[in-house]
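Engineer: Pasting query_10.cif below, which is mmCIF, C-alpha atoms.
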```cif
data_model
#
loop_
_atom_site.label_atom_id
_atom_site.label_comp_id
_atom_site.auth_asym_id
_atom_site.auth_seq_id
_atom_site.Cartn_x
_atom_site.Cartn_y
_atom_site.Cartn_z
CA MET A 1288 13.20 -4.89 93.23
CA HIS A 1289 15.14 -8.02 94.06
CA PHE A 1290 16.26 -8.77 97.59
CA GLU A 1291 19.06 -11.24 98.01
CA GLN A 1292 19.22 -13.44 101.08
CA SER A 1293 21.90 -12.79 103.66
CA ASP A 1294 25.11 -14.77 103.77
CA LEU A 1295 23.85 -16.18 107.08
CA LEU A 1296 20.76 -17.67 105.44
CA LYS A 1297 22.78 -18.99 102.53
CA ALA A 1298 25.02 -20.85 104.98
CA LEU A 1299 22.11 -22.81 106.48
CA PRO A 1300 22.02 -26.55 105.75
CA LYS A 1301 19.25 -27.87 103.53
CA GLN A 1302 16.17 -28.59 105.64
CA PHE A 1303 16.15 -32.38 105.61
CA PHE A 1304 12.56 -32.95 106.71
CA ALA A 1305 11.11 -30.33 104.36
CA SER A 1306 12.59 -32.20 101.39
CA LEU A 1307 11.24 -35.53 102.66
CA VAL A 1308 7.74 -34.11 103.14
CA ALA A 1309 7.72 -32.66 99.63
CA LYS A 1310 8.56 -36.04 98.07
CA VAL A 1311 5.89 -37.86 100.06
CA ASN A 1312 3.22 -35.25 99.34
CA ALA A 1313 3.96 -35.44 95.62
CA LYS A 1314 3.35 -39.20 95.66
CA ILE A 1315 0.13 -38.81 97.64
CA ALA A 1316 -1.08 -36.07 95.29
CA ALA A 1317 -0.52 -38.48 92.40
CA GLY A 1318 -2.98 -40.87 94.04
CA ASP A 1319 -0.52 -43.36 95.55
CA ASP A 1320 -1.27 -45.08 98.86
CA VAL A 1321 1.89 -44.05 100.67
CA ILE A 1322 2.66 -45.39 104.14
CA ASN A 1323 4.65 -42.56 105.68
CA LEU A 1324 7.21 -43.89 108.15
CA GLY A 1325 9.59 -41.01 107.55
CA GLN A 1326 8.56 -38.32 110.02
CA GLY A 1327 8.63 -38.15 113.80
CA ASN A 1328 5.19 -36.57 113.94
CA PRO A 1329 3.00 -38.24 116.61
CA ASP A 1330 -0.21 -39.57 115.10
CA LEU A 1331 -2.27 -39.99 118.26
CA PRO A 1332 -4.42 -37.16 119.65
CA THR A 1333 -3.52 -34.94 122.58
CA PRO A 1334 -5.11 -36.44 125.73
CA GLU A 1335 -8.57 -35.08 126.35
CA TYR A 1336 -7.76 -33.73 129.82
CA ILE A 1337 -5.12 -31.45 128.31
CA VAL A 1338 -7.49 -30.24 125.58
CA THR A 1339 -10.11 -29.51 128.23
CA ALA A 1340 -7.60 -27.55 130.30
CA MET A 1341 -6.73 -25.48 127.23
CA GLN A 1342 -10.38 -24.80 126.44
CA GLN A 1343 -10.95 -23.61 129.99
CA ALA A 1344 -7.84 -21.46 129.98
CA THR A 1345 -8.84 -19.67 126.77
CA ALA A 1346 -11.92 -18.36 128.62
CA VAL A 1347 -9.73 -16.70 131.27
CA ALA A 1348 -9.37 -13.01 130.38
CA GLY A 1349 -5.92 -12.77 131.94
CA ASP A 1350 -4.61 -15.42 129.58
CA HIS A 1351 -5.37 -13.13 126.62
CA GLN A 1352 -2.72 -10.62 127.67
CA TYR A 1353 0.99 -10.82 127.00
CA SER A 1354 2.70 -13.54 128.95
CA ALA A 1355 5.50 -12.69 131.33
CA PHE A 1356 8.58 -12.38 129.10
CA ARG A 1357 10.24 -15.42 130.63
CA GLY A 1358 7.12 -17.51 131.06
CA GLU A 1359 4.49 -17.70 133.79
CA MET A 1360 5.93 -18.52 137.20
CA ARG A 1361 3.10 -21.00 137.83
CA PHE A 1362 4.33 -22.98 134.82
CA LYS A 1363 7.90 -22.97 136.08
CA VAL A 1364 6.76 -24.12 139.51
CA ALA A 1365 4.89 -27.02 137.86
CA ILE A 1366 8.03 -27.94 135.87
CA ALA A 1367 10.11 -27.94 139.05
CA GLN A 1368 7.58 -30.19 140.80
CA PHE A 1369 7.51 -32.53 137.79
CA TYR A 1370 11.29 -32.95 137.87
CA LEU A 1371 11.25 -33.51 141.62
CA ASP A 1372 8.47 -36.10 141.45
CA THR A 1373 9.76 -37.89 138.35
CA TYR A 1374 13.55 -37.70 138.65
CA GLY A 1375 14.26 -36.59 142.22
CA VAL A 1376 15.88 -33.40 140.88
CA THR A 1377 15.48 -30.09 142.72
CA LEU A 1378 15.22 -26.97 140.54
CA ASP A 1379 14.86 -23.27 141.35
CA PRO A 1380 11.92 -22.07 139.20
CA ALA A 1381 13.30 -18.53 139.10
CA THR A 1382 16.85 -19.28 137.91
CA GLU A 1383 17.06 -22.87 136.63
CA ILE A 1384 14.10 -23.11 134.23
CA ALA A 1385 13.52 -21.47 130.82
CA VAL A 1386 10.21 -21.73 128.97
CA LEU A 1387 10.50 -22.60 125.27
CA ALA A 1388 8.13 -22.62 122.30
CA GLY A 1389 9.14 -26.23 121.69
CA SER A 1390 12.59 -27.54 122.58
CA LYS A 1391 13.86 -27.03 119.00
CA ILE A 1392 14.01 -23.28 119.62
CA GLY A 1393 16.24 -23.71 122.65
CA LEU A 1394 18.56 -26.09 120.83
CA VAL A 1395 18.93 -23.74 117.87
CA GLU A 1396 19.31 -20.63 120.06
CA LEU A 1397 22.06 -21.93 122.28
CA PRO A 1398 25.01 -21.39 119.91
CA TRP A 1399 23.94 -17.73 119.61
CA ALA A 1400 23.46 -17.34 123.33
CA LEU A 1401 26.54 -19.12 124.71
CA MET A 1402 29.14 -19.21 121.95
CA ASN A 1403 31.10 -16.81 119.78
CA PRO A 1404 31.80 -17.26 116.06
CA GLY A 1405 34.58 -19.81 115.67
CA ASP A 1406 33.99 -21.53 119.02
CA THR A 1407 33.81 -25.34 118.89
CA LEU A 1408 30.55 -27.26 119.25
CA LEU A 1409 30.55 -31.06 119.61
CA LEU A 1410 27.60 -32.62 117.81
CA PRO A 1411 26.56 -36.30 117.67
CA ASN A 1412 26.68 -37.98 114.27
CA PRO A 1413 24.09 -39.25 113.51
CA GLY A 1414 22.00 -36.59 115.21
CA TYR A 1415 18.95 -34.36 114.88
CA PRO A 1416 19.59 -32.27 111.73
CA ASP A 1417 18.55 -28.95 113.28
CA TYR A 1418 21.55 -29.08 115.63
CA TRP A 1419 23.55 -28.13 112.53
CA SER A 1420 21.12 -25.28 111.84
CA GLY A 1421 21.92 -23.74 115.21
CA ALA A 1422 25.63 -24.14 114.54
CA ALA A 1423 25.31 -22.39 111.18
CA LEU A 1424 23.31 -19.51 112.64
CA GLY A 1425 25.83 -19.11 115.43
CA ARG A 1426 28.74 -19.37 112.96
CA VAL A 1427 30.49 -21.82 115.23
CA ARG A 1428 32.89 -24.61 114.35
CA VAL A 1429 31.41 -28.12 114.50
CA GLU A 1430 33.35 -31.20 115.52
CA GLU A 1431 31.30 -34.36 115.05
CA VAL A 1432 31.27 -37.20 117.56
CA ARG A 1433 30.46 -40.47 115.83
CA LEU A 1434 27.92 -42.80 117.41
CA MET A 1435 28.55 -46.46 116.62
CA GLN A 1436 26.20 -49.43 116.90
CA GLU A 1437 28.89 -51.53 118.59
CA ASN A 1438 28.82 -49.00 121.44
CA ASP A 1439 25.00 -48.90 121.54
CA PHE A 1440 25.21 -45.47 119.92
CA LEU A 1441 26.58 -43.90 123.11
CA ILE A 1442 29.31 -41.28 122.85
CA ASP A 1443 32.76 -42.82 123.38
CA TYR A 1444 34.67 -40.02 125.09
CA THR A 1445 37.97 -41.87 124.72
CA ARG A 1446 37.71 -41.37 120.94
CA ILE A 1447 37.47 -37.58 121.10
CA PRO A 1448 40.94 -36.17 120.34
CA GLU A 1449 42.41 -34.23 123.26
CA ALA A 1450 42.84 -31.08 121.18
CA VAL A 1451 39.18 -31.19 120.16
CA ALA A 1452 38.04 -31.77 123.73
CA GLN A 1453 40.16 -28.87 124.97
CA ALA A 1454 38.74 -26.54 122.31
CA ALA A 1455 35.10 -27.53 122.81
CA LYS A 1456 32.71 -25.13 124.47
CA LEU A 1457 29.45 -27.10 124.22
CA LEU A 1458 28.44 -30.74 123.67
CA TYR A 1459 24.99 -31.85 122.49
CA MET A 1460 23.63 -35.32 123.24
CA ASN A 1461 20.20 -36.92 122.84
CA TYR A 1462 18.93 -39.99 124.73
CA PRO A 1463 16.55 -41.70 124.08
CA ASN A 1464 18.17 -41.11 120.72
CA ASN A 1465 16.90 -39.91 117.39
CA PRO A 1466 17.44 -41.66 114.96
CA THR A 1467 18.68 -44.83 116.71
CA GLY A 1468 16.36 -45.42 119.68
CA ALA A 1469 19.35 -45.95 121.98
CA ILE A 1470 19.09 -45.02 125.66
CA ALA A 1471 21.66 -43.73 128.15
CA THR A 1472 22.94 -45.53 131.24
CA HIS A 1473 23.98 -44.20 134.64
CA GLU A 1474 27.58 -45.10 133.81
CA PHE A 1475 27.47 -43.15 130.55
CA TYR A 1476 26.06 -40.03 132.23
CA ASP A 1477 28.74 -40.28 134.94
CA GLN A 1478 31.33 -40.35 132.14
CA THR A 1479 29.67 -37.32 130.56
CA VAL A 1480 29.91 -35.26 133.75
CA ALA A 1481 33.55 -36.29 134.18
CA PHE A 1482 34.35 -35.29 130.58
CA ALA A 1483 32.60 -31.95 131.00
CA GLN A 1484 34.40 -31.18 134.25
CA GLN A 1485 37.81 -32.20 132.90
CA HIS A 1486 37.54 -30.11 129.74
CA GLN A 1487 35.19 -27.33 130.93
CA VAL A 1488 32.59 -28.22 128.32
CA GLY A 1489 28.93 -27.30 128.74
CA VAL A 1490 26.53 -30.20 128.16
CA VAL A 1491 23.16 -29.88 126.43
CA SER A 1492 20.95 -32.95 126.90
CA ASP A 1493 18.09 -33.11 124.38
CA PHE A 1494 15.48 -35.13 126.31
CA ALA A 1495 12.73 -34.95 123.69
CA TYR A 1496 11.80 -38.63 124.11
CA GLY A 1497 12.23 -38.65 127.88
CA ALA A 1498 9.00 -40.52 128.63
CA ILE A 1499 9.35 -43.22 125.97
CA GLY A 1500 11.24 -46.30 127.09
CA PHE A 1501 10.56 -49.94 126.22
CA ASP A 1502 10.86 -53.31 127.96
CA GLY A 1503 10.62 -51.70 131.39
CA HIS A 1504 13.35 -49.13 130.73
CA GLN A 1505 12.53 -45.75 132.27
CA PRO A 1506 14.75 -43.25 130.41
CA LEU A 1507 17.17 -41.42 132.67
CA SER A 1508 17.28 -37.66 132.93
CA PHE A 1509 20.82 -36.31 132.68
CA MET A 1510 19.90 -34.03 135.57
CA GLN A 1511 19.70 -37.11 137.85
CA THR A 1512 23.45 -37.54 137.57
CA PRO A 1513 25.54 -36.08 140.41
CA GLY A 1514 27.20 -32.91 139.13
CA ALA A 1515 25.03 -32.63 136.00
CA LYS A 1516 23.40 -29.34 136.93
CA ALA A 1517 26.83 -27.78 137.44
CA VAL A 1518 27.93 -28.60 133.88
CA GLY A 1519 24.81 -28.43 131.74
CA ILE A 1520 21.14 -28.21 130.95
CA GLU A 1521 18.39 -30.45 129.63
CA THR A 1522 15.67 -29.54 127.14
CA TYR A 1523 12.24 -31.18 127.27
CA THR A 1524 9.30 -30.99 124.87
CA PHE A 1525 5.61 -31.78 125.26
CA SER A 1526 5.46 -32.90 121.61
CA LYS A 1527 6.30 -36.56 122.20
CA THR A 1528 5.29 -37.22 125.82
CA PHE A 1529 1.84 -35.67 125.49
CA ASN A 1530 1.21 -35.73 121.69
CA MET A 1531 1.34 -31.92 121.68
CA ALA A 1532 3.62 -31.42 118.66
CA GLY A 1533 1.55 -28.61 117.17
CA TRP A 1534 1.18 -26.79 120.48
CA ARG A 1535 4.87 -25.75 120.49
CA VAL A 1536 5.67 -25.88 124.17
CA GLY A 1537 8.77 -27.08 126.02
CA PHE A 1538 11.38 -25.97 128.51
CA ALA A 1539 15.02 -26.15 129.53
CA VAL A 1540 16.30 -26.85 133.04
CA GLY A 1541 19.66 -26.88 134.76
CA ASN A 1542 22.72 -24.67 135.02
CA ALA A 1543 21.65 -21.15 135.99
CA ASP A 1544 24.17 -19.37 133.73
CA MET A 1545 23.04 -21.31 130.69
CA ILE A 1546 19.37 -20.78 131.55
CA GLU A 1547 19.95 -17.04 131.93
CA ALA A 1548 21.56 -16.93 128.48
CA ILE A 1549 18.49 -18.61 126.96
CA ASN A 1550 16.16 -16.27 128.79
CA LEU A 1551 18.12 -13.21 127.73
CA ILE A 1552 18.15 -14.04 124.02
CA GLN A 1553 14.44 -14.84 124.20
CA ASP A 1554 13.78 -11.47 125.84
CA HIS A 1555 14.78 -10.02 122.47
CA LEU A 1556 13.05 -12.57 120.24
CA PHE A 1557 9.74 -13.49 121.89
CA VAL A 1558 7.22 -12.61 124.56
CA SER A 1559 7.06 -16.23 125.75
CA LEU A 1560 4.01 -18.42 124.98
CA PHE A 1561 0.27 -17.86 124.95
CA PRO A 1562 -0.54 -18.17 128.69
CA ALA A 1563 -3.40 -20.58 127.99
CA VAL A 1564 -0.92 -23.01 126.40
CA GLN A 1565 1.21 -22.76 129.54
CA ASP A 1566 -1.88 -23.53 131.66
CA ALA A 1567 -2.62 -26.59 129.53
CA ALA A 1568 1.00 -27.67 129.95
CA ILE A 1569 0.64 -27.33 133.71
CA ALA A 1570 -2.34 -29.71 133.62
CA ALA A 1571 -0.29 -32.16 131.53
CA LEU A 1572 2.56 -32.20 134.05
CA GLN A 1573 0.36 -32.35 137.13
CA GLN A 1574 -1.43 -35.48 135.90
CA TYR A 1575 1.64 -37.18 134.41
CA HIS A 1576 1.78 -39.79 137.19
CA THR A 1577 -1.94 -40.21 137.80
CA ASN A 1578 -3.76 -39.97 134.48
CA GLY A 1579 -2.33 -43.06 132.79
CA ALA A 1580 -2.21 -41.44 129.34
CA VAL A 1581 1.59 -41.48 129.09
CA ALA A 1582 1.86 -45.13 130.15
CA GLN A 1583 -0.79 -46.02 127.58
CA LEU A 1584 1.12 -44.11 124.90
CA VAL A 1585 4.35 -45.95 125.66
CA ALA A 1586 2.50 -49.28 125.53
CA VAL A 1587 1.14 -48.41 122.08
CA TYR A 1588 4.62 -47.58 120.76
CA GLN A 1589 6.05 -50.80 122.20
CA GLN A 1590 3.28 -52.85 120.57
CA ARG A 1591 4.02 -51.15 117.26
CA ARG A 1592 7.75 -51.72 117.65
CA ASP A 1593 7.26 -55.40 118.45
CA ALA A 1594 4.87 -55.91 115.52
CA PHE A 1595 7.21 -54.24 113.02
CA VAL A 1596 10.32 -56.03 114.28
CA LYS A 1597 8.53 -59.39 114.08
CA ALA A 1598 7.31 -58.62 110.56
CA VAL A 1599 10.74 -57.72 109.15
CA ARG A 1600 12.49 -60.57 110.91
CA ALA A 1601 10.22 -62.92 108.96
CA TYR A 1602 12.41 -62.24 105.92
CA ASN A 1603 15.69 -62.01 107.84
CA TRP A 1604 15.98 -58.23 107.94
CA GLU A 1605 17.43 -57.57 111.39
CA PRO A 1606 16.92 -54.13 113.01
CA TYR A 1607 18.74 -52.37 115.80
CA VAL A 1608 15.96 -52.94 118.32
CA PRO A 1609 15.30 -49.63 120.08
CA LYS A 1610 14.99 -49.30 123.84
CA GLY A 1611 13.39 -45.87 123.63
CA ALA A 1612 12.01 -43.08 121.40
CA PHE A 1613 9.73 -44.24 118.56
CA TYR A 1614 12.07 -45.17 115.75
CA VAL A 1615 13.57 -48.39 114.40
CA LEU A 1616 16.96 -48.19 112.71
CA MET A 1617 17.26 -50.67 109.85
CA PRO A 1618 20.42 -51.68 107.94
CA VAL A 1619 20.46 -51.05 104.21
CA PRO A 1620 20.83 -54.13 101.95
CA LYS A 1621 24.00 -54.70 99.97
CA GLY A 1622 24.27 -52.69 96.79
CA PHE A 1623 22.37 -49.67 98.12
CA THR A 1624 23.21 -46.44 99.88
CA SER A 1625 20.83 -45.08 102.47
CA ALA A 1626 19.53 -42.57 99.93
CA THR A 1627 19.06 -45.01 97.04
CA PHE A 1628 17.35 -47.56 99.26
CA ALA A 1629 14.97 -44.97 100.75
CA GLU A 1630 14.17 -43.76 97.23
CA MET A 1631 13.52 -47.30 96.04
CA LEU A 1632 11.15 -47.96 98.95
CA LEU A 1633 9.18 -44.84 98.10
CA THR A 1634 8.99 -45.46 94.36
CA SER A 1635 8.59 -49.26 94.36
CA ALA A 1636 6.73 -49.98 97.61
CA ASN A 1637 5.03 -46.65 98.41
CA VAL A 1638 6.73 -46.72 101.81
CA ALA A 1639 8.38 -43.50 102.97
CA VAL A 1640 11.30 -43.78 105.38
CA ALA A 1641 14.05 -41.40 106.48
CA ASP A 1642 17.43 -41.82 104.85
CA ALA A 1643 19.59 -41.99 107.99
CA SER A 1644 22.53 -40.32 106.25
CA GLY A 1645 20.41 -37.17 106.53
CA PHE A 1646 21.28 -37.26 110.24
CA GLY A 1647 25.01 -37.25 109.45
CA ASP A 1648 27.34 -39.48 107.47
CA ALA A 1649 27.57 -41.93 110.38
CA GLY A 1650 23.96 -42.75 109.54
CA GLU A 1651 25.01 -44.05 106.14
CA GLY A 1652 24.06 -47.70 105.79
CA TYR A 1653 20.77 -47.29 107.69
CA ILE A 1654 17.24 -46.04 107.23
CA ARG A 1655 15.03 -44.77 110.05
CA VAL A 1656 11.49 -46.09 110.39
CA SER A 1657 9.08 -44.08 112.50
CA LEU A 1658 6.47 -45.86 114.62
CA THR A 1659 4.00 -42.98 114.31
CA THR A 1660 1.37 -44.91 112.39
CA ASP A 1661 -0.91 -47.71 113.47
CA GLU A 1662 0.17 -51.31 113.85
CA ALA A 1663 -1.68 -52.58 110.80
CA ARG A 1664 -0.01 -50.05 108.51
CA LEU A 1665 3.42 -50.86 109.95
CA VAL A 1666 2.89 -54.56 109.25
CA GLU A 1667 1.62 -53.71 105.76
CA ALA A 1668 4.74 -51.58 105.17
CA ALA A 1669 6.90 -54.52 106.22
CA ARG A 1670 4.96 -56.80 103.87
CA ARG A 1671 5.43 -54.42 100.93
CA ILE A 1672 9.16 -54.12 101.60
CA GLY A 1673 9.58 -57.86 102.02
CA ALA A 1674 7.93 -58.44 98.64
CA LEU A 1675 10.60 -56.43 96.83
CA PRO A 1676 13.07 -58.40 94.68
CA VAL A 1677 16.04 -57.47 96.87
CA PHE A 1678 14.50 -59.42 99.76
CA GLN A 1679 12.98 -62.18 97.65
CA SER A 1680 16.41 -62.94 96.21
CA GLY A 1681 17.84 -63.81 99.61
CA HIS A 1682 20.78 -61.45 99.13
CA ALA A 1683 19.55 -58.57 101.27
CA SER A 1684 21.85 -58.93 104.26
CA SER A 1685 23.97 -55.83 104.75
#
```
Please lay out the structure from this file as structure tokens.
Structural biologist:
Amino acid sequence: MHFEQSDLLKALPKQFFASLVAKVNAKIAAGDDVINLGQGNPDLPTPEYIVTAMQQATAVAGDHQYSAFRGEMRFKVAIAQFYLDTYGVTLDPATEIAVLAGSKIGLVELPWALMNPGDTLLLPNPGYPDYWSGAALGRVRVEEVRLMQENDFLIDYTRIPEAVAQAAKLLYMNYPNNPTGAIATHEFYDQTVAFAQQHQVGVVSDFAYGAIGFDGHQPLSFMQTPGAKAVGIETYTFSKTFNMAGWRVGFAVGNADMIEAINLIQDHLFVSLFPAVQDAAIAALQQYHTNGAVAQLVAVYQQRRDAFVKAVRAYNWEPYVPKGAFYVLMPVPKGFTSATFAEMLLTSANVAVADASGFGDAGEGYIRVSLTTDEARLVEAARRIGALPVFQSGHASS
């Protein structure tokens, strides 16, 4: 028997990162020494105190039972305390927090939970590719909002046509930003709340890189902005802040109606997370300000950023210097597209990068370099790239 996939599955966009991984793995399998700067997969270990908390929790018999459908209340209380201590934001654990198996799930679920087929979703371009996956699954209409370097990759609300703004039901944004490393300002978030209020648009702030800011910048939570909780929510993941990518744990906070929609759809899809993982996440949050592990992590990423930027500037390749996240956006030399340049780096220099056009056509003309490998390998990657003929010729400026 042959079983054909549903029209819904056929409508999904090609999984960008799966294709990238396959190419890199093929080169490695062939024996090549590939420096993989293409994925946003943290390379450092989960802090020991979190691992210890998990080990202890797995010995608790009660943690072997089903979790509460909407997550353990003790975890939600810890999330609320974390937001109060870190951002000065007050949250009701019962109504303003949803537990997620990684923030990706919440971002992909939302179009199902809050929109009807044909409703309009505003998505940043360039932006995290799986935003488009959620749109396809929800069968909603996407209107792209272009992020431009001359505006520090912040959304320019004056450029959104009035008809599009009036039709929009939800807006996604992501700061610190993937793939650009841009960060939000108080003024920008004030503009966001005003836009949402004027056009009755729900805001979804993807705060995946919320702990990672450089040069003294502490990334702002959208929830800190007056009026933000009335118009939207924020998703947060433990993957980046605590090097817990494989643990699959995160949460959403904010507007009670939006949180209830997430909780309701998850009532039908999941039985929350393994309680021991939630207990480990509690330990992570409770020691966020005292353990020093997060500050040390940010310092490592800044050292890597500075080393890579210095190395590529040596041959006049000027990046968009990120203020947050752990990526460096690099312009593509003349004569290349993002895709052809990324392919050339992989085949000729054994350096894997992300073709930024995979994040939307506004990413064309850039590649994204991930800082999730050690400093020496980043400098070696820069050396390999700089040795290529396109840079040796002196005609590489974009």
Engineer: Considering all atoms listed in the file, state which residue in the set A:Ala1601, A:Leu1307, A:Leu1408, A:Val1536 is at the smallest distance from Asp1566 in chain A.
Structural biologist: A:Val1536
Engineer: Please identify all polymer residues within 12 Å of Glu1605 in chain A, counting only C-alpha atoms, omitting same-chain residues fewer than 3 positions from it, and present them as a list in words.
Structural biologist: Phe1595, Val1596, Lys1597, Ala1598, Val1599, Arg1600, Ala1601, Tyr1602, Val1608, Pro1609, Val1615, Leu1616, Met1617, Pro1618, Val1619, Pro1620, Tyr1653, Ala1683, Ser1684 and Ser1685 of chain A
Engineer: What's around range 1325-1336 of chain A at 10 Å? Count all atoms listed in the file, leave out sequence neighbours fewer than 2 positions away in its own chain, and write the answer as a PyMOL selection string.
Structural biologist: chain A and resi 1304+1307-1308+1311+1322-1323+1338-1342+1465-1466+1526-1534+1567+1570-1571+1574+1578+1580-1581+1584+1587+1612-1614+1629+1638-1642+1654-1661
Engineer: Please determine, counting only C-alpha atoms, which residue among A:Thr1382, A:His1486, A:Thr1445, A:Ala1423 has the shortest atom-to-atom distance to Asp1294 in chain A.
Structural biologist: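 Looking only at the distances to Asp1294 in chain A, the closest residue turns out to be A:Ala1423.
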Engineer: Identify, on the basis of only C-alpha atoms, every residue whose closest approach to Gln1436 in chain A does not exceed 10 Å; exclude the query and any residue fewer than 6 positions from it along the same chain; express the result as a list in words.
Structural biologist: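 The neighbour list is Thr1467, Ala1469 and Tyr1607 of chain A.
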Engineer: Give the answer as one residue: which of A:Gln1679, A:Thr1377, A:Ser1390, A:Thr1624 has the shortest atom-to-atom distance to Asn1542 in chain A, using all atoms listed in the file?
Structural biologist: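 Counting all atoms listed in the file, the residue closest to Asn1542 in chain A is A:Thr1377.
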Engineer: Convert the output of the PyMOL selection byres ((chain A and resi 1556) around 12) on the shown file into explicit residues, formatted as a VMD selection string.
Structural biologist: chain A and resid 1356 to 1357 1387 to 1388 1392 to 1393 1396 1400 1549 to 1555 1557 to 1560
Engineer: Those residues you just picked out, can you put them in a file as a CSV table (one decimal), in the frame of the given file with C-alpha atoms?
Structural biologist:
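Everything below was put into part_14.csv:
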```
chain,number,residue,atom,x,y,z
A,1356,PHE,CA,8.6,-12.4,129.1
A,1357,ARG,CA,10.2,-15.4,130.6
A,1387,LEU,CA,10.5,-22.6,125.3
A,1388,ALA,CA,8.1,-22.6,122.3
A,1392,ILE,CA,14.0,-23.3,119.6
A,1393,GLY,CA,16.2,-23.7,122.6
A,1396,GLU,CA,19.3,-20.6,120.1
A,1400,ALA,CA,23.5,-17.3,123.3
A,1549,ILE,CA,18.5,-18.6,127.0
A,1550,ASN,CA,16.2,-16.3,128.8
A,1551,LEU,CA,18.1,-13.2,127.7
A,1552,ILE,CA,18.2,-14.0,124.0
A,1553,GLN,CA,14.4,-14.8,124.2
A,1554,ASP,CA,13.8,-11.5,125.8
A,1555,HIS,CA,14.8,-10.0,122.5
A,1557,PHE,CA,9.7,-13.5,121.9
A,1558,VAL,CA,7.2,-12.6,124.6
A,1559,SER,CA,7.1,-16.2,125.8
A,1560,LEU,CA,4.0,-18.4,125.0
```
Engineer: Will you model N, CA and C atoms for range 1562-1577 of chain A and pass it back as a tab-separated table (two decimals), in the coordinates of the input?
Structural biologist:
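Done, and the output landed in selection_36.tsv:
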```tsv
chain	number	residue	atom	x	y	z
A	1562	PRO	N	-0.38	-17.64	127.33
A	1562	PRO	CA	-0.54	-18.17	128.69
A	1562	PRO	C	-1.48	-19.36	128.79
A	1563	ALA	N	-2.49	-19.43	127.93
A	1563	ALA	CA	-3.40	-20.58	127.99
A	1563	ALA	C	-2.67	-21.88	127.64
A	1564	VAL	N	-1.72	-21.82	126.72
A	1564	VAL	CA	-0.92	-23.01	126.40
A	1564	VAL	C	-0.10	-23.42	127.62
A	1565	GLN	N	0.45	-22.45	128.32
A	1565	GLN	CA	1.21	-22.76	129.54
A	1565	GLN	C	0.29	-23.39	130.59
A	1566	ASP	N	-0.95	-22.92	130.70
A	1566	ASP	CA	-1.88	-23.53	131.66
A	1566	ASP	C	-2.23	-24.96	131.28
A	1567	ALA	N	-2.38	-25.22	129.98
A	1567	ALA	CA	-2.62	-26.59	129.53
A	1567	ALA	C	-1.41	-27.47	129.82
A	1568	ALA	N	-0.22	-26.92	129.65
A	1568	ALA	CA	1.00	-27.67	129.95
A	1568	ALA	C	1.11	-27.99	131.43
A	1569	ILE	N	0.66	-27.07	132.27
A	1569	ILE	CA	0.64	-27.33	133.71
A	1569	ILE	C	-0.24	-28.54	134.01
A	1570	ALA	N	-1.43	-28.57	133.41
A	1570	ALA	CA	-2.34	-29.71	133.62
A	1570	ALA	C	-1.68	-31.01	133.16
A	1571	ALA	N	-0.97	-30.96	132.04
A	1571	ALA	CA	-0.29	-32.16	131.53
A	1571	ALA	C	0.71	-32.67	132.56
A	1572	LEU	N	1.53	-31.79	133.10
A	1572	LEU	CA	2.56	-32.20	134.05
A	1572	LEU	C	1.96	-32.68	135.36
A	1573	GLN	N	0.93	-32.01	135.82
A	1573	GLN	CA	0.36	-32.35	137.13
A	1573	GLN	C	-0.33	-33.71	137.13
A	1574	GLN	N	-0.77	-34.17	135.96
A	1574	GLN	CA	-1.43	-35.48	135.90
A	1574	GLN	C	-0.55	-36.56	135.24
A	1575	TYR	N	0.72	-36.25	135.07
A	1575	TYR	CA	1.64	-37.18	134.41
A	1575	TYR	C	1.64	-38.54	135.11
A	1576	HIS	N	1.65	-38.54	136.43
A	1576	HIS	CA	1.78	-39.79	137.19
A	1576	HIS	C	0.44	-40.42	137.54
A	1577	THR	N	-0.65	-39.70	137.33
A	1577	THR	CA	-1.94	-40.21	137.80
A	1577	THR	C	-2.93	-40.50	136.68
```
